[in-house]
file my_file19.cif (mmCIF, N, CA and C atoms)
data_work
loop_
_atom_site.label_atom_id
_atom_site.label_comp_id
_atom_site.auth_asym_id
_atom_site.auth_seq_id
_atom_site.Cartn_x
_atom_site.Cartn_y
_atom_site.Cartn_z
N MET A 23 6.68 -5.11 11.64
CA MET A 23 5.60 -5.57 10.81
C MET A 23 4.26 -5.34 11.54
N ALA A 24 3.27 -4.90 10.80
CA ALA A 24 1.95 -4.63 11.36
C ALA A 24 1.02 -5.80 11.13
N ASN A 25 0.12 -6.04 12.08
CA ASN A 25 -0.88 -7.08 11.89
C ASN A 25 -2.10 -6.46 11.19
N ILE A 26 -3.13 -7.26 10.97
CA ILE A 26 -4.31 -6.79 10.25
C ILE A 26 -4.97 -5.62 10.98
N GLU A 27 -5.13 -5.73 12.29
CA GLU A 27 -5.78 -4.66 13.05
C GLU A 27 -5.03 -3.34 12.91
N THR A 28 -3.71 -3.39 13.03
CA THR A 28 -2.90 -2.18 12.87
C THR A 28 -2.99 -1.65 11.45
N GLY A 29 -2.95 -2.56 10.47
CA GLY A 29 -3.08 -2.16 9.08
C GLY A 29 -4.40 -1.45 8.80
N LEU A 30 -5.49 -1.96 9.38
CA LEU A 30 -6.79 -1.32 9.21
C LEU A 30 -6.81 0.07 9.84
N LYS A 31 -6.22 0.20 11.02
CA LYS A 31 -6.15 1.52 11.67
C LYS A 31 -5.34 2.48 10.83
N ASP A 32 -4.24 2.00 10.24
CA ASP A 32 -3.42 2.85 9.38
C ASP A 32 -4.20 3.27 8.13
N MET A 33 -5.01 2.35 7.59
CA MET A 33 -5.83 2.69 6.43
C MET A 33 -6.86 3.75 6.79
N MET A 34 -7.48 3.62 7.96
CA MET A 34 -8.49 4.60 8.37
C MET A 34 -7.87 5.95 8.73
N ALA A 35 -6.56 5.99 8.96
CA ALA A 35 -5.87 7.25 9.25
C ALA A 35 -5.62 8.05 7.97
N ILE A 36 -5.83 7.45 6.82
CA ILE A 36 -5.68 8.15 5.55
C ILE A 36 -6.78 9.20 5.46
N GLU A 37 -6.42 10.42 5.14
CA GLU A 37 -7.38 11.52 5.06
C GLU A 37 -8.52 11.17 4.11
N GLY A 38 -9.75 11.27 4.61
CA GLY A 38 -10.93 10.99 3.81
C GLY A 38 -11.41 9.55 3.86
N ALA A 39 -10.72 8.68 4.59
CA ALA A 39 -11.11 7.27 4.65
C ALA A 39 -12.50 7.13 5.25
N VAL A 40 -13.33 6.33 4.59
CA VAL A 40 -14.69 6.06 5.05
C VAL A 40 -14.79 4.63 5.58
N GLY A 41 -14.04 3.71 4.96
CA GLY A 41 -14.06 2.32 5.38
C GLY A 41 -12.84 1.60 4.86
N ALA A 42 -12.45 0.54 5.57
CA ALA A 42 -11.27 -0.23 5.20
C ALA A 42 -11.51 -1.69 5.53
N ALA A 43 -10.93 -2.56 4.70
CA ALA A 43 -11.06 -4.00 4.95
C ALA A 43 -9.84 -4.73 4.39
N VAL A 44 -9.55 -5.86 5.00
CA VAL A 44 -8.60 -6.83 4.46
C VAL A 44 -9.46 -8.03 4.10
N VAL A 45 -9.38 -8.45 2.82
CA VAL A 45 -10.31 -9.44 2.31
C VAL A 45 -9.57 -10.63 1.71
N ASP A 46 -10.11 -11.82 1.95
CA ASP A 46 -9.64 -13.05 1.33
C ASP A 46 -10.46 -13.26 0.07
N TYR A 47 -9.83 -13.12 -1.12
CA TYR A 47 -10.63 -13.21 -2.33
C TYR A 47 -10.87 -14.63 -2.82
N SER A 48 -10.36 -15.62 -2.12
CA SER A 48 -10.75 -16.99 -2.45
C SER A 48 -12.12 -17.31 -1.84
N SER A 49 -12.42 -16.70 -0.70
CA SER A 49 -13.71 -16.95 -0.04
C SER A 49 -14.66 -15.75 -0.11
N GLY A 50 -14.11 -14.55 -0.32
CA GLY A 50 -14.94 -13.34 -0.30
C GLY A 50 -15.19 -12.82 1.09
N MET A 51 -14.54 -13.40 2.08
CA MET A 51 -14.74 -13.00 3.47
C MET A 51 -13.75 -11.92 3.89
N ALA A 52 -14.25 -10.96 4.65
CA ALA A 52 -13.39 -9.94 5.23
C ALA A 52 -12.70 -10.51 6.45
N LEU A 53 -11.37 -10.40 6.51
CA LEU A 53 -10.61 -10.83 7.68
C LEU A 53 -10.63 -9.78 8.77
N GLY A 54 -10.95 -8.55 8.38
CA GLY A 54 -11.04 -7.44 9.32
C GLY A 54 -11.62 -6.24 8.62
N THR A 55 -12.37 -5.43 9.36
CA THR A 55 -12.97 -4.22 8.80
C THR A 55 -12.96 -3.11 9.83
N LEU A 56 -12.93 -1.89 9.34
CA LEU A 56 -13.13 -0.69 10.16
C LEU A 56 -13.91 0.30 9.30
N SER A 57 -14.84 1.01 9.93
CA SER A 57 -15.66 1.95 9.17
C SER A 57 -15.92 3.20 9.98
N ALA A 58 -16.04 4.32 9.29
CA ALA A 58 -16.36 5.59 9.92
C ALA A 58 -17.85 5.91 9.76
N THR A 59 -18.59 5.00 9.13
CA THR A 59 -20.00 5.24 8.86
C THR A 59 -20.78 3.93 8.94
N SER A 60 -22.04 4.04 9.25
CA SER A 60 -22.89 2.84 9.29
C SER A 60 -23.54 2.58 7.94
N THR A 61 -23.36 3.46 6.99
CA THR A 61 -24.01 3.31 5.68
C THR A 61 -23.23 2.42 4.72
N LEU A 62 -21.99 2.11 5.05
CA LEU A 62 -21.16 1.27 4.18
C LEU A 62 -21.00 -0.10 4.84
N ASP A 63 -21.66 -1.12 4.27
CA ASP A 63 -21.56 -2.48 4.79
C ASP A 63 -20.31 -3.13 4.19
N LEU A 64 -19.25 -3.19 4.97
CA LEU A 64 -17.97 -3.67 4.46
C LEU A 64 -17.96 -5.16 4.16
N ASN A 65 -18.83 -5.93 4.78
CA ASN A 65 -18.91 -7.35 4.44
C ASN A 65 -19.52 -7.54 3.05
N VAL A 66 -20.52 -6.74 2.72
CA VAL A 66 -21.08 -6.77 1.37
C VAL A 66 -20.05 -6.27 0.36
N ALA A 67 -19.34 -5.20 0.72
CA ALA A 67 -18.29 -4.67 -0.16
C ALA A 67 -17.19 -5.69 -0.38
N ALA A 68 -16.82 -6.42 0.66
CA ALA A 68 -15.77 -7.45 0.54
C ALA A 68 -16.19 -8.52 -0.45
N ALA A 69 -17.41 -9.01 -0.31
CA ALA A 69 -17.90 -10.06 -1.21
C ALA A 69 -18.02 -9.55 -2.65
N GLY A 70 -18.56 -8.36 -2.82
CA GLY A 70 -18.72 -7.80 -4.16
C GLY A 70 -17.40 -7.49 -4.83
N ASN A 71 -16.48 -6.94 -4.09
CA ASN A 71 -15.18 -6.60 -4.68
C ASN A 71 -14.33 -7.83 -4.94
N THR A 72 -14.62 -8.92 -4.25
CA THR A 72 -13.97 -10.19 -4.56
C THR A 72 -14.27 -10.58 -6.00
N GLU A 73 -15.52 -10.37 -6.42
CA GLU A 73 -15.90 -10.69 -7.80
C GLU A 73 -15.16 -9.80 -8.79
N VAL A 74 -14.94 -8.53 -8.43
CA VAL A 74 -14.18 -7.62 -9.29
C VAL A 74 -12.75 -8.13 -9.46
N VAL A 75 -12.11 -8.50 -8.36
CA VAL A 75 -10.73 -8.99 -8.41
C VAL A 75 -10.65 -10.27 -9.23
N ARG A 76 -11.54 -11.21 -8.97
CA ARG A 76 -11.53 -12.47 -9.72
C ARG A 76 -11.73 -12.24 -11.22
N ALA A 77 -12.68 -11.35 -11.56
CA ALA A 77 -12.94 -11.08 -12.98
C ALA A 77 -11.72 -10.46 -13.65
N LYS A 78 -11.06 -9.55 -12.98
CA LYS A 78 -9.88 -8.90 -13.57
C LYS A 78 -8.75 -9.91 -13.74
N MET A 79 -8.54 -10.75 -12.76
CA MET A 79 -7.48 -11.76 -12.86
C MET A 79 -7.78 -12.76 -13.98
N ARG A 80 -9.04 -13.15 -14.09
CA ARG A 80 -9.45 -14.07 -15.15
C ARG A 80 -9.23 -13.43 -16.53
N THR A 81 -9.59 -12.17 -16.67
CA THR A 81 -9.41 -11.46 -17.93
C THR A 81 -7.94 -11.31 -18.29
N MET A 82 -7.12 -10.98 -17.30
CA MET A 82 -5.68 -10.86 -17.55
C MET A 82 -5.11 -12.20 -18.00
N ASP A 83 -5.57 -13.28 -17.39
CA ASP A 83 -5.11 -14.62 -17.77
C ASP A 83 -5.52 -14.93 -19.21
N GLN A 84 -6.75 -14.62 -19.57
CA GLN A 84 -7.24 -14.88 -20.93
C GLN A 84 -6.49 -14.05 -21.97
N LEU A 85 -6.04 -12.87 -21.58
CA LEU A 85 -5.28 -12.01 -22.48
C LEU A 85 -3.79 -12.36 -22.51
N GLY A 86 -3.39 -13.27 -21.64
CA GLY A 86 -1.99 -13.65 -21.58
C GLY A 86 -1.10 -12.59 -20.96
N LEU A 87 -1.69 -11.73 -20.13
CA LEU A 87 -0.91 -10.68 -19.46
C LEU A 87 -0.27 -11.28 -18.21
N ASN A 88 1.02 -11.37 -18.23
CA ASN A 88 1.75 -11.94 -17.09
C ASN A 88 2.27 -10.79 -16.23
N GLU A 89 1.33 -10.05 -15.64
CA GLU A 89 1.68 -8.91 -14.81
C GLU A 89 0.90 -8.97 -13.51
N ALA A 90 1.34 -8.21 -12.54
CA ALA A 90 0.63 -8.14 -11.26
C ALA A 90 -0.24 -6.89 -11.23
N ILE A 91 -1.39 -6.99 -10.60
CA ILE A 91 -2.27 -5.84 -10.42
C ILE A 91 -1.73 -5.01 -9.27
N GLU A 92 -1.47 -3.72 -9.51
CA GLU A 92 -1.08 -2.83 -8.42
C GLU A 92 -2.31 -2.44 -7.63
N ASP A 93 -3.31 -1.92 -8.31
CA ASP A 93 -4.57 -1.62 -7.66
C ASP A 93 -5.67 -1.50 -8.70
N ILE A 94 -6.89 -1.57 -8.23
CA ILE A 94 -8.08 -1.40 -9.06
C ILE A 94 -8.83 -0.22 -8.45
N LEU A 95 -9.19 0.74 -9.30
CA LEU A 95 -9.87 1.94 -8.83
C LEU A 95 -11.29 1.98 -9.37
N ILE A 96 -12.23 2.17 -8.47
CA ILE A 96 -13.63 2.37 -8.85
C ILE A 96 -13.98 3.78 -8.42
N THR A 97 -14.38 4.59 -9.38
CA THR A 97 -14.68 5.99 -9.12
C THR A 97 -16.19 6.19 -9.08
N LEU A 98 -16.69 6.64 -7.96
CA LEU A 98 -18.10 6.99 -7.81
C LEU A 98 -18.23 8.50 -7.75
N SER A 99 -19.44 9.01 -7.76
CA SER A 99 -19.61 10.46 -7.75
C SER A 99 -19.12 11.10 -6.46
N SER A 100 -19.18 10.36 -5.34
CA SER A 100 -18.74 10.96 -4.07
C SER A 100 -17.61 10.20 -3.39
N GLN A 101 -17.21 9.06 -3.97
CA GLN A 101 -16.18 8.24 -3.32
C GLN A 101 -15.24 7.61 -4.35
N TYR A 102 -14.06 7.29 -3.85
CA TYR A 102 -13.13 6.41 -4.57
C TYR A 102 -13.11 5.10 -3.80
N HIS A 103 -13.10 3.98 -4.51
CA HIS A 103 -12.92 2.68 -3.88
C HIS A 103 -11.66 2.09 -4.49
N VAL A 104 -10.68 1.81 -3.65
CA VAL A 104 -9.39 1.32 -4.10
C VAL A 104 -9.21 -0.12 -3.58
N ILE A 105 -8.89 -1.00 -4.51
CA ILE A 105 -8.64 -2.41 -4.20
C ILE A 105 -7.18 -2.68 -4.51
N ARG A 106 -6.44 -3.17 -3.54
CA ARG A 106 -5.02 -3.43 -3.73
C ARG A 106 -4.68 -4.87 -3.34
N PRO A 107 -4.56 -5.77 -4.33
CA PRO A 107 -4.16 -7.16 -4.01
C PRO A 107 -2.77 -7.19 -3.37
N LEU A 108 -2.63 -7.99 -2.33
CA LEU A 108 -1.33 -8.12 -1.68
C LEU A 108 -0.45 -9.02 -2.54
N ARG A 109 0.79 -8.61 -2.72
CA ARG A 109 1.68 -9.35 -3.62
C ARG A 109 2.74 -10.15 -2.90
N ASN A 110 2.91 -9.93 -1.60
CA ASN A 110 3.94 -10.73 -0.92
C ASN A 110 3.44 -12.15 -0.71
N ARG A 111 4.33 -13.06 -0.50
CA ARG A 111 3.99 -14.48 -0.38
C ARG A 111 2.99 -14.72 0.75
N GLN A 112 3.16 -14.02 1.85
CA GLN A 112 2.27 -14.19 3.00
C GLN A 112 0.86 -13.70 2.71
N GLY A 113 0.74 -12.71 1.86
CA GLY A 113 -0.57 -12.11 1.60
C GLY A 113 -1.25 -12.62 0.35
N GLN A 114 -0.71 -13.68 -0.26
CA GLN A 114 -1.33 -14.23 -1.47
C GLN A 114 -2.79 -14.55 -1.19
N GLY A 115 -3.67 -14.12 -2.11
CA GLY A 115 -5.09 -14.39 -1.96
C GLY A 115 -5.84 -13.34 -1.16
N LEU A 116 -5.16 -12.27 -0.76
CA LEU A 116 -5.79 -11.21 0.02
C LEU A 116 -5.72 -9.89 -0.73
N PHE A 117 -6.65 -8.99 -0.40
CA PHE A 117 -6.53 -7.63 -0.91
C PHE A 117 -6.95 -6.62 0.15
N LEU A 118 -6.39 -5.42 0.02
CA LEU A 118 -6.78 -4.29 0.85
C LEU A 118 -7.89 -3.57 0.11
N TYR A 119 -8.88 -3.11 0.85
CA TYR A 119 -9.99 -2.36 0.27
C TYR A 119 -10.14 -1.07 1.05
N LEU A 120 -10.16 0.06 0.34
CA LEU A 120 -10.31 1.36 0.98
C LEU A 120 -11.39 2.15 0.27
N ALA A 121 -12.36 2.63 1.02
CA ALA A 121 -13.36 3.56 0.50
C ALA A 121 -12.96 4.95 0.99
N LEU A 122 -12.88 5.88 0.05
CA LEU A 122 -12.34 7.21 0.33
C LEU A 122 -13.35 8.27 -0.12
N ASP A 123 -13.64 9.23 0.74
CA ASP A 123 -14.51 10.36 0.40
C ASP A 123 -13.75 11.27 -0.58
N ARG A 124 -14.31 11.46 -1.77
CA ARG A 124 -13.62 12.25 -2.80
C ARG A 124 -13.38 13.69 -2.38
N SER A 125 -14.28 14.27 -1.60
CA SER A 125 -14.15 15.68 -1.24
C SER A 125 -13.08 15.91 -0.17
N ARG A 126 -12.72 14.87 0.57
CA ARG A 126 -11.74 15.03 1.65
C ARG A 126 -10.43 14.31 1.40
N GLY A 127 -10.44 13.35 0.51
CA GLY A 127 -9.26 12.52 0.31
C GLY A 127 -8.42 12.94 -0.89
N ASN A 128 -7.21 12.46 -0.91
CA ASN A 128 -6.28 12.67 -2.01
C ASN A 128 -5.95 11.28 -2.56
N LEU A 129 -6.41 11.00 -3.76
CA LEU A 129 -6.28 9.66 -4.32
C LEU A 129 -4.82 9.23 -4.46
N ALA A 130 -3.97 10.11 -4.95
CA ALA A 130 -2.56 9.75 -5.13
C ALA A 130 -1.90 9.43 -3.78
N LEU A 131 -2.18 10.23 -2.80
CA LEU A 131 -1.62 10.00 -1.47
C LEU A 131 -2.18 8.71 -0.87
N ALA A 132 -3.46 8.46 -1.06
CA ALA A 132 -4.08 7.23 -0.54
C ALA A 132 -3.43 6.00 -1.17
N ARG A 133 -3.21 6.02 -2.47
CA ARG A 133 -2.57 4.89 -3.14
C ARG A 133 -1.15 4.67 -2.61
N HIS A 134 -0.44 5.76 -2.40
CA HIS A 134 0.93 5.67 -1.85
C HIS A 134 0.89 5.06 -0.44
N ARG A 135 -0.04 5.52 0.40
CA ARG A 135 -0.15 5.00 1.77
C ARG A 135 -0.54 3.53 1.76
N LEU A 136 -1.43 3.11 0.84
CA LEU A 136 -1.81 1.70 0.77
C LEU A 136 -0.61 0.82 0.44
N LYS A 137 0.25 1.30 -0.46
CA LYS A 137 1.46 0.53 -0.80
C LYS A 137 2.34 0.38 0.43
N THR A 138 2.50 1.47 1.18
CA THR A 138 3.32 1.43 2.40
C THR A 138 2.71 0.48 3.43
N ILE A 139 1.38 0.52 3.58
CA ILE A 139 0.71 -0.38 4.51
C ILE A 139 0.88 -1.82 4.06
N GLU A 140 0.71 -2.07 2.76
CA GLU A 140 0.90 -3.42 2.23
C GLU A 140 2.31 -3.94 2.54
N ASP A 141 3.31 -3.10 2.31
CA ASP A 141 4.69 -3.51 2.52
C ASP A 141 4.97 -3.89 3.98
N GLY A 142 4.27 -3.26 4.92
CA GLY A 142 4.51 -3.52 6.34
C GLY A 142 3.54 -4.51 6.96
N LEU A 143 2.59 -5.02 6.18
CA LEU A 143 1.55 -5.88 6.75
C LEU A 143 2.05 -7.32 6.91
N GLU A 144 1.81 -7.85 8.09
CA GLU A 144 2.13 -9.24 8.39
C GLU A 144 0.83 -9.98 8.62
N VAL A 145 0.56 -10.95 7.77
CA VAL A 145 -0.72 -11.67 7.85
C VAL A 145 -0.49 -13.05 8.46
#

call {"tool": "encode", "arguments": {"input": "my_file19.cif", "output": "structure tokens"}}
result
Amino acid sequence: MANIETGLKDMMAIEGAVGAAVVDYSSGMALGTLSATSTLDLNVAAAGNTEVVRAKMRTMDQLGLNEAIEDILITLSSQYHVIRPLRNRQGQGLFLYLALDRSRGNLALARHRLKTIEDGLEV
């Protein structure tokens, strides 16, 4: 099992990764971050994406959808931002956040790697 630091390093090893974080969406605080650039403030991203996760969960509840979110994708002109709520009991209330450079990354492969990282993460 990998800890948060190892999980972040594994996320940054994904081709095209620009930034990675493990976030507590009850508080909006990042438990850990790694970045390949100084232009992406991962603490701001953690807080902002917490609102995205909360809004989606609230909407699913209002719609009566009794399903789990696999991931949330935000597509920008130069980046993909992938949010993956942790589903194991230990990771309840946390999500993985990955910012990926569109020109260098492979979205399908990144999503697959995030699932593998999630499965091995020990929080």

call {"tool": "residues_around", "arguments": {"input": "my_file19.cif", "residues": "range 115-119 of chain A", "least_positions_apart": "2", "cutoff": "5 Å", "atoms": "all atoms listed in the file", "output": "PyMOL selection string"}}
result
chain A and resi 42-47+104-108+113+121

call {"tool": "atom_distance", "arguments": {"input": "my_file19.cif", "atom1": "CA of Ser57 in chain A", "atom2": "atom C of Ala39 in chain A"}}
result
7.2 Å

call {"tool": "resolve_selection", "arguments": {"input": "my_file19.cif", "expression": "the PyMOL selection byres (((chain A and resi 141 and name CA) around 12) and name CA)", "output": "count of residues only"}}
result
24

call {"tool": "select_by_dssp", "arguments": {"input": "my_file19.cif", "residues": "range 34-85 of chain A", "states": "alpha helix (DSSP H)", "output": "CSV table (one decimal) with N, CA and C atoms, in the frame of the given file"}}
result
chain,number,residue,atom,x,y,z
A,34,MET,N,-7.5,3.6,8.0
A,34,MET,CA,-8.5,4.6,8.4
A,34,MET,C,-7.9,6.0,8.7
A,64,LEU,N,-19.2,-3.2,5.0
A,64,LEU,CA,-18.0,-3.7,4.5
A,64,LEU,C,-18.0,-5.2,4.2
A,65,ASN,N,-18.8,-5.9,4.8
A,65,ASN,CA,-18.9,-7.4,4.4
A,65,ASN,C,-19.5,-7.5,3.0
A,66,VAL,N,-20.5,-6.7,2.7
A,66,VAL,CA,-21.1,-6.8,1.4
A,66,VAL,C,-20.0,-6.3,0.4
A,67,ALA,N,-19.3,-5.2,0.7
A,67,ALA,CA,-18.3,-4.7,-0.2
A,67,ALA,C,-17.2,-5.7,-0.4
A,68,ALA,N,-16.8,-6.4,0.7
A,68,ALA,CA,-15.8,-7.4,0.5
A,68,ALA,C,-16.2,-8.5,-0.4
A,69,ALA,N,-17.4,-9.0,-0.3
A,69,ALA,CA,-17.9,-10.1,-1.2
A,69,ALA,C,-18.0,-9.6,-2.6
A,70,GLY,N,-18.6,-8.4,-2.8
A,70,GLY,CA,-18.7,-7.8,-4.2
A,70,GLY,C,-17.4,-7.5,-4.8
A,71,ASN,N,-16.5,-6.9,-4.1
A,71,ASN,CA,-15.2,-6.6,-4.7
A,71,ASN,C,-14.3,-7.8,-4.9
A,72,THR,N,-14.6,-8.9,-4.2
A,72,THR,CA,-14.0,-10.2,-4.6
A,72,THR,C,-14.3,-10.6,-6.0
A,73,GLU,N,-15.5,-10.4,-6.4
A,73,GLU,CA,-15.9,-10.7,-7.8
A,73,GLU,C,-15.2,-9.8,-8.8
A,74,VAL,N,-14.9,-8.5,-8.4
A,74,VAL,CA,-14.2,-7.6,-9.3
A,74,VAL,C,-12.8,-8.1,-9.5
A,75,VAL,N,-12.1,-8.5,-8.4
A,75,VAL,CA,-10.7,-9.0,-8.4
A,75,VAL,C,-10.6,-10.3,-9.2
A,76,ARG,N,-11.5,-11.2,-9.0
A,76,ARG,CA,-11.5,-12.5,-9.7
A,76,ARG,C,-11.7,-12.2,-11.2
A,77,ALA,N,-12.7,-11.4,-11.6
A,77,ALA,CA,-12.9,-11.1,-13.0
A,77,ALA,C,-11.7,-10.5,-13.6
A,78,LYS,N,-11.1,-9.6,-13.0
A,78,LYS,CA,-9.9,-8.9,-13.6
A,78,LYS,C,-8.8,-9.9,-13.7
A,79,MET,N,-8.5,-10.8,-12.8
A,79,MET,CA,-7.5,-11.8,-12.9
A,79,MET,C,-7.8,-12.8,-14.0
A,80,ARG,N,-9.0,-13.2,-14.1
A,80,ARG,CA,-9.4,-14.1,-15.2
A,80,ARG,C,-9.2,-13.4,-16.5
A,81,THR,N,-9.6,-12.2,-16.7
A,81,THR,CA,-9.4,-11.5,-17.9
A,81,THR,C,-7.9,-11.3,-18.3
A,82,MET,N,-7.1,-11.0,-17.3
A,82,MET,CA,-5.7,-10.9,-17.6
A,82,MET,C,-5.1,-12.2,-18.0
A,83,ASP,N,-5.6,-13.3,-17.4
A,83,ASP,CA,-5.1,-14.6,-17.8
A,83,ASP,C,-5.5,-14.9,-19.2
A,84,GLN,N,-6.8,-14.6,-19.6
A,84,GLN,CA,-7.2,-14.9,-20.9
A,84,GLN,C,-6.5,-14.0,-22.0
A,85,LEU,N,-6.0,-12.9,-21.6
A,85,LEU,CA,-5.3,-12.0,-22.5
A,85,LEU,C,-3.8,-12.4,-22.5

call {"tool": "closest_residue", "arguments": {"input": "my_file19.cif", "among": "A:Val75, A:Ala52, A:Ala35, A:Leu64", "to": "Ile91 in chain A", "atoms": "only C-alpha atoms"}}
result
A:Val75

call {"tool": "closest_residue", "arguments": {"input": "my_file19.cif", "among": "A:Ser100, A:Met34, A:Ser125, A:Leu120", "to": "Ala68 in chain A", "atoms": "only C-alpha atoms"}}
result
A:Leu120

call {"tool": "select_by_dssp", "arguments": {"input": "my_file19.cif", "residues": "range 25-143 of chain A", "states": "strand (DSSP E or B)", "output": "ChimeraX atom specification"}}
result
/A:39-46,51-57,94-97,101-107,116-123,143
